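These notes concern the structure reproduced below.
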Amino acid sequence: MRALVTGGCGFIGSNLVKRLVSEGWTVDVVDNLSGGTEESISELKIRRMPMASLLPQFYYNLDKIGQKRDPGEVLFIPSDFSDLGVLAAIRDKRYDIVFHQAAVPRVSYSVENPAETTFENITKTVSLFEACHDSVKRVVWASSSSVYGGAETLPTPEDHQKDLLKILHYAIIQLHIHQKDNESADERQLVLDELASNLPKDLLDVGEYGEGC
Ligand SMILES: NC(=O)c1ccc[n+]([C@@H]2O[C@H](COP(=O)([O-])OP(=O)(O)OC[C@H]3O[C@@H](n4cnc5c(N)ncnc54)[C@H](O)[C@@H]3O)[C@@H](O)[C@H]2O)c1
């Protein structure tokens with residue numbers, strides 16, 4: 001299987017990349033290193049693509065000489081996941097699955113910088129999902145337990161009532177993306193309705209651990 005992992009140098013992304021490689025997947029990582037570090041995947045065999053705009057040509061050239069990617073080698077693209085080169089490679093059907101783990105996930109930062117974090121976490125994600133539509137088999141996206149507004153039931157079931165009054169900007173961003181699965185009409189008014197149509201409910205992962213969330 002061929003995967004693109006956005007945010008593959010971050011906490012969740014880097015662990016995911018290592019696991020996928022160990023299971024024989026062919027993995028491309030796109031990360032702009034705004035939060036993560038290349039060292040987080042340095043134990044792997046890395047091939048660095050100088051810029052994302054070269055990605056479609058790279059795959060075109062491989063096709064031309066009849067060569068396949070080496071599954072033991074991670075292709076690292078130090079770029080924004082919404083770069084046109086990355087989106088073109090997705091549209092060219094170079095991946096079976098896109099694991100979208102790139103984000104500016106810090107709660108307090110999202111409250112202090114709502115415009116920037118909305119752009120980073122929602123607008124760019126819409127571009128990514130648009131490229132994925134009809135191009136990949138599946139998109140796996142990380143949600144957050146914060147969408148429940150500080151639920152006291154742990155583990156929190158996916159259909160748990162969301163306390164909108166307690167939800168912070170960070171959580172609303174996450175809600176925007178997977179709200180399509182919710183049933184309350186009141187909540188639905190808050191969201192961008194079409195965003196999550198590609199996301200199977202059972203693949204929304206919430207409540208990991210580590211810095212930031
Ligand atoms: N860690 C947790 O416990 C937890 C819990 C719930 C949800 N999540 C969600 O999981 C996702 C990943 O969280 P994390 O803890 O791994 O965060 P992280 O900050 O460790 O990793 C995010 C990565 O995304 C990269 N990135 C940010 N913007 C980018 C962009 N525009 N283009 C390319 N790369 C970009 C950063 O450089 C970083 O490496 C987030 O959506 C977060 O909300 C995490």
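We name chains A, B, ... following the order of the structure tokens; residues begin at 1 in each chain, and ligands are numbered from 1 as shown.
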>> What's around Ile77 of chain A at 6 Å? Count only C-alpha atoms, leave out sequence neighbours fewer than 2 positions away in its own chain, and write the answer as a PyMOL selection string.
In response: chain A and resi 29-30+49+79
**OP:** Residues up to 8 Å from ligand 1, counting only C-alpha atoms and all ligand atoms: could you list those as number ranges by chain?
**Re:** A: 6-14, 30-37, 78-82, 100-106, 120-121, 124, 141-146, 174, 205-213
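In this model, the gap between atom CA of Trp25 of chain A and atom CA of Met1 of chain A comes to 5.1 Å.
Backbone DSSP assigns strand (DSSP E or B) in segment 14-188 of chain A to Thr26, Val27, Asp28, Val29, Val30, Lys45, Ile46, Arg47, Arg48, Glu73, Val74, Leu75, Phe76, Ile77, Ile97, Val98, Phe99, His100, Arg138, Val139, Val140, Trp141 and Ala142 of chain A.
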Save out the residues we just selected, N, CA and C atoms, as a PDB file, in the first residue's frame.
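Okay, this is what ended up in out_13.pdb:
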```pdb
ATOM      1  N   THR A  26       4.679   1.690   1.419  1.00  0.00           N
ATOM      2  CA  THR A  26       5.520   2.698   0.774  1.00  0.00           C
ATOM      3  C   THR A  26       4.998   4.052   1.243  1.00  0.00           C
ATOM      4  N   VAL A  27       5.881   4.831   1.907  1.00  0.00           N
ATOM      5  CA  VAL A  27       5.395   6.026   2.602  1.00  0.00           C
ATOM      6  C   VAL A  27       6.079   7.297   2.114  1.00  0.00           C
ATOM      7  N   ASP A  28       5.265   8.298   1.798  1.00  0.00           N
ATOM      8  CA  ASP A  28       5.757   9.660   1.574  1.00  0.00           C
ATOM      9  C   ASP A  28       5.320  10.492   2.767  1.00  0.00           C
ATOM     10  N   VAL A  29       6.219  11.359   3.220  1.00  0.00           N
ATOM     11  CA  VAL A  29       5.915  12.247   4.343  1.00  0.00           C
ATOM     12  C   VAL A  29       5.981  13.685   3.858  1.00  0.00           C
ATOM     13  N   VAL A  30       4.938  14.457   4.135  1.00  0.00           N
ATOM     14  CA  VAL A  30       5.041  15.892   3.884  1.00  0.00           C
ATOM     15  C   VAL A  30       4.867  16.606   5.220  1.00  0.00           C
ATOM     16  N   LYS A  45      15.269   5.062   6.666  1.00  0.00           N
ATOM     17  CA  LYS A  45      16.020   5.430   5.458  1.00  0.00           C
ATOM     18  C   LYS A  45      15.209   6.513   4.734  1.00  0.00           C
ATOM     19  N   ILE A  46      15.804   7.711   4.624  1.00  0.00           N
ATOM     20  CA  ILE A  46      15.064   8.860   4.101  1.00  0.00           C
ATOM     21  C   ILE A  46      15.637   9.296   2.761  1.00  0.00           C
ATOM     22  N   ARG A  47      14.753   9.582   1.828  1.00  0.00           N
ATOM     23  CA  ARG A  47      15.161  10.245   0.590  1.00  0.00           C
ATOM     24  C   ARG A  47      14.477  11.605   0.604  1.00  0.00           C
ATOM     25  N   ARG A  48      15.262  12.676   0.513  1.00  0.00           N
ATOM     26  CA  ARG A  48      14.706  14.026   0.652  1.00  0.00           C
ATOM     27  C   ARG A  48      14.381  14.618  -0.705  1.00  0.00           C
ATOM     28  N   GLU A  73      12.261   2.849   1.876  1.00  0.00           N
ATOM     29  CA  GLU A  73      12.779   4.222   1.848  1.00  0.00           C
ATOM     30  C   GLU A  73      11.604   5.214   1.915  1.00  0.00           C
ATOM     31  N   VAL A  74      11.677   6.101   2.896  1.00  0.00           N
ATOM     32  CA  VAL A  74      10.619   7.117   3.047  1.00  0.00           C
ATOM     33  C   VAL A  74      11.001   8.340   2.225  1.00  0.00           C
ATOM     34  N   LEU A  75      10.062   8.797   1.409  1.00  0.00           N
ATOM     35  CA  LEU A  75      10.296  10.029   0.651  1.00  0.00           C
ATOM     36  C   LEU A  75       9.819  11.199   1.508  1.00  0.00           C
ATOM     37  N   PHE A  76      10.769  12.062   1.892  1.00  0.00           N
ATOM     38  CA  PHE A  76      10.405  13.191   2.768  1.00  0.00           C
ATOM     39  C   PHE A  76      10.333  14.475   1.967  1.00  0.00           C
ATOM     40  N   ILE A  77       9.176  15.120   2.033  1.00  0.00           N
ATOM     41  CA  ILE A  77       8.952  16.375   1.315  1.00  0.00           C
ATOM     42  C   ILE A  77       8.811  17.486   2.361  1.00  0.00           C
ATOM     43  N   ILE A  97      -3.878   5.707   0.466  1.00  0.00           N
ATOM     44  CA  ILE A  97      -4.454   6.310   1.663  1.00  0.00           C
ATOM     45  C   ILE A  97      -3.675   7.575   2.035  1.00  0.00           C
ATOM     46  N   VAL A  98      -4.394   8.609   2.410  1.00  0.00           N
ATOM     47  CA  VAL A  98      -3.754   9.808   2.961  1.00  0.00           C
ATOM     48  C   VAL A  98      -4.084   9.859   4.455  1.00  0.00           C
ATOM     49  N   PHE A  99      -3.036   9.848   5.265  1.00  0.00           N
ATOM     50  CA  PHE A  99      -3.195  10.008   6.716  1.00  0.00           C
ATOM     51  C   PHE A  99      -2.921  11.476   7.023  1.00  0.00           C
ATOM     52  N   HIS A 100      -3.955  12.204   7.377  1.00  0.00           N
ATOM     53  CA  HIS A 100      -3.792  13.653   7.589  1.00  0.00           C
ATOM     54  C   HIS A 100      -3.552  13.951   9.072  1.00  0.00           C
ATOM     55  N   ARG A 138      -9.028   6.180   0.798  1.00  0.00           N
ATOM     56  CA  ARG A 138      -9.442   6.544   2.145  1.00  0.00           C
ATOM     57  C   ARG A 138      -8.590   7.705   2.666  1.00  0.00           C
ATOM     58  N   VAL A 139      -9.246   8.542   3.471  1.00  0.00           N
ATOM     59  CA  VAL A 139      -8.520   9.579   4.210  1.00  0.00           C
ATOM     60  C   VAL A 139      -8.690   9.265   5.689  1.00  0.00           C
ATOM     61  N   VAL A 140      -7.577   9.249   6.414  1.00  0.00           N
ATOM     62  CA  VAL A 140      -7.655   9.043   7.862  1.00  0.00           C
ATOM     63  C   VAL A 140      -7.203  10.331   8.524  1.00  0.00           C
ATOM     64  N   TRP A 141      -8.061  10.885   9.334  1.00  0.00           N
ATOM     65  CA  TRP A 141      -7.794  12.198   9.910  1.00  0.00           C
ATOM     66  C   TRP A 141      -7.903  12.123  11.436  1.00  0.00           C
ATOM     67  N   ALA A 142      -7.027  12.865  12.120  1.00  0.00           N
ATOM     68  CA  ALA A 142      -7.039  12.842  13.583  1.00  0.00           C
ATOM     69  C   ALA A 142      -7.970  13.913  14.118  1.00  0.00           C
TER      70      ALA A 142
END
```
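For the pair atom CA of Leu54 of chain A and atom CA of Ile90 of chain A, the interatomic distance is 13.3 Å.
With atom CA of Asp70 of chain A on one side and atom CA of Tyr95 of chain A on the other, the separation reads 14.3 Å.
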